[in-house]
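Trainee: This is the structure, below, for whatever I ask next.
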Amino acid sequence: MRFAAIDFETANSCRASICAAGVAIFEDGNLLDKKTWLISPFPNQFDDFNISLHGISPEDVAGKPSFPTTWQSIAQFIAGCSLVIAHNAQFDMNCLRNAMNAHSSPYPIISYACTRILAQKVIPGLHSYGLVPVVNHLFGNEFSFNHHNPEDDAICAGNIFIELINRSKKDPITIWSEYGIQVGKFSEYDYVPCGLKRNIHPKYIQEINENADTENAFYGRIVAFTGALQSMKRSDAFKAVNECGGIIDKGVTHNTNYLVVGNYTHAQLKEALMSSKLSKAYSLIQEGQELEIITEDDFLWIISN
């Protein structure tokens, strides 16, 4: 099987503002080729938060082609691949869709899928399914990479896919349907999102902000907080969750989907069990609950994208 792994980085909170793309081509479990593109974003405005993540500045993309022009090169590079995958494909494919919409360009005709969703099925029980925790779990110290470097992230996503196939002992083509995952599809002016059906608890449906983006990770999900946030007041964080279509839960319960932890990095979370909410969250995860513990940086990324 030949597939492409892809990663986009954006200049600001607008999903159309792709400023870099990384693609890795794999065939029969091996990395064949890789490439990075720097892109003049639209709108051409860089936020400090985004620069702090990927390190790409306005100077780096000065004079670079726009996204539609770059996509022509990417499309040639991935030609012959039966599937495009990404880790947290919801973000990357929304970027692709929004960038095409911003330039009134037709969508590419591709099928795509998400290794983050697949990892939740193949290796249940992790405290988080972000790229770094999944790589650390699957490969330990064997795999070093520069997170938010688009080429590195694409290579990671491809290796995650291969390792999940090996661990599940399933066919790489049918693995998605066997785990109940819908493969996403783009056609010229339409697309079908990749993912699992979200089971929203009936008691919370009327609380969801009907104007929110239904594809945001927080949409229809129950979000709790523990620890002090450094970037904003707790009340502002609650408002941001609501704007994304999420529902605030004051405690960690059997309905909670996300626990946002202030003051900790992913590497510190397992040693941070002094928080009763965090300890309860770990217990619920081990029991099989669909609950993910995320850091403040993760939270900021979700509400910005």
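The chains in the structure tokens are called A, B, ... from first to last as shown; in each chain the residues are counted from 1, and the ligands are counted from 1 in the order shown.
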I want to know what sits within 9 Å of Ala119 of chain A, based on only C-alpha atoms, with residues of the same chain fewer than 2 positions away left out; could you give that as number ranges by chain?
Mentor: A: 114-117, 121-124, 129, 134, 160-161, 164
Trainee: Need to verify the contact set: Ser187 of chain A, 10 Å, only C-alpha atoms, exclusion of same-chain residues closer than 3 positions in sequence. Can you return it as an MDAnalysis selection string?
Mentor: chainID A and resid 106:111 190:192
Trainee: Identify, with DSSP run on backbone atoms, the residues in segment 167-274 of chain A assigned to strand (DSSP E or B), and express the list as a list in words.
Mentor: Gln182, Gly184, Lys185, Phe186, Tyr191, Val192, Gly195, Ile222, Val223, Ala224, Phe225, Thr226, Ile247, Ile248, Tyr258, Leu259, Val260 and Val261 of chain A
Trainee: Export, as a compact mmCIF listing (two decimals), in the first residue's frame, the selected residues with N, CA, C and O atoms.
Mentor:
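Output saved as selection_7.txt:
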```
# COMPACT_ATOMS: atom_id res chain seq x y z
N GLN A 182 -14.98 6.15 9.88
CA GLN A 182 -15.35 6.57 8.53
C GLN A 182 -14.18 7.28 7.87
O GLN A 182 -13.65 8.26 8.40
N GLY A 184 -12.57 9.83 5.41
CA GLY A 184 -13.02 11.08 4.83
C GLY A 184 -12.75 11.12 3.33
O GLY A 184 -11.83 10.46 2.84
N LYS A 185 -13.56 11.89 2.62
CA LYS A 185 -13.40 11.99 1.18
C LYS A 185 -13.62 13.43 0.72
O LYS A 185 -14.55 14.09 1.17
N PHE A 186 -12.77 13.89 -0.18
CA PHE A 186 -12.95 15.16 -0.87
C PHE A 186 -13.39 14.88 -2.29
O PHE A 186 -12.87 13.96 -2.94
N TYR A 191 -17.13 17.46 0.59
CA TYR A 191 -16.28 16.50 1.30
C TYR A 191 -17.09 15.80 2.38
O TYR A 191 -18.12 16.30 2.84
N VAL A 192 -16.62 14.62 2.77
CA VAL A 192 -17.19 13.85 3.87
C VAL A 192 -16.12 13.77 4.95
O VAL A 192 -15.00 13.31 4.68
N GLY A 195 -14.09 10.24 10.74
CA GLY A 195 -14.28 10.21 12.19
C GLY A 195 -15.26 9.16 12.66
O GLY A 195 -15.80 8.37 11.88
N ILE A 222 -17.80 17.36 26.71
CA ILE A 222 -17.85 17.87 28.08
C ILE A 222 -16.42 18.13 28.55
O ILE A 222 -15.56 17.23 28.51
N VAL A 223 -16.15 19.39 28.98
CA VAL A 223 -14.79 19.82 29.30
C VAL A 223 -14.70 20.26 30.76
O VAL A 223 -15.52 21.06 31.21
N ALA A 224 -13.72 19.75 31.48
CA ALA A 224 -13.46 20.15 32.86
C ALA A 224 -12.05 20.72 32.96
O ALA A 224 -11.21 20.49 32.08
N PHE A 225 -11.80 21.45 34.04
CA PHE A 225 -10.49 22.09 34.23
C PHE A 225 -9.95 21.76 35.62
O PHE A 225 -10.72 21.59 36.58
N THR A 226 -8.62 21.69 35.73
CA THR A 226 -7.97 21.60 37.03
C THR A 226 -6.63 22.33 36.94
O THR A 226 -5.99 22.34 35.90
N ILE A 247 -19.26 22.01 26.41
CA ILE A 247 -20.04 22.19 27.64
C ILE A 247 -19.10 22.06 28.83
O ILE A 247 -18.28 21.14 28.88
N ILE A 248 -19.20 22.98 29.76
CA ILE A 248 -18.34 22.96 30.94
C ILE A 248 -18.90 22.03 32.01
O ILE A 248 -20.08 22.04 32.31
N TYR A 258 -12.93 15.80 28.14
CA TYR A 258 -11.61 16.43 28.21
C TYR A 258 -11.40 17.00 29.61
O TYR A 258 -12.30 17.62 30.18
N LEU A 259 -10.19 16.79 30.13
CA LEU A 259 -9.76 17.48 31.34
C LEU A 259 -8.56 18.34 30.97
O LEU A 259 -7.52 17.82 30.56
N VAL A 260 -8.72 19.66 31.10
CA VAL A 260 -7.64 20.59 30.80
C VAL A 260 -6.84 20.81 32.08
O VAL A 260 -7.39 21.20 33.12
N VAL A 261 -5.53 20.56 32.01
CA VAL A 261 -4.68 20.64 33.19
C VAL A 261 -3.74 21.83 33.07
O VAL A 261 -2.91 21.89 32.15
```
Trainee: Counting only C-alpha atoms, which residue out of A:Glu163, A:Glu59, A:Asp92, A:Asp48 sits closest to Ile18 of chain A?
Mentor: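 Of the candidates, the smallest distance to Ile18 of chain A is held by A:Asp92.
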Trainee: Mind the document's chain letters and residue numbers, and return as a ChimeraX atom specification the residues of segment 113-173 of chain A that DSSP labels alpha helix (DSSP H).
Mentor: /A:115-122,131-139,150-168
Trainee: Rank nothing, just name the residue among A:Ile162, A:Ala102, A:Leu32, A:Leu126 nearest to Ile175 of chain A, using only C-alpha atoms.
Mentor: A:Ile162
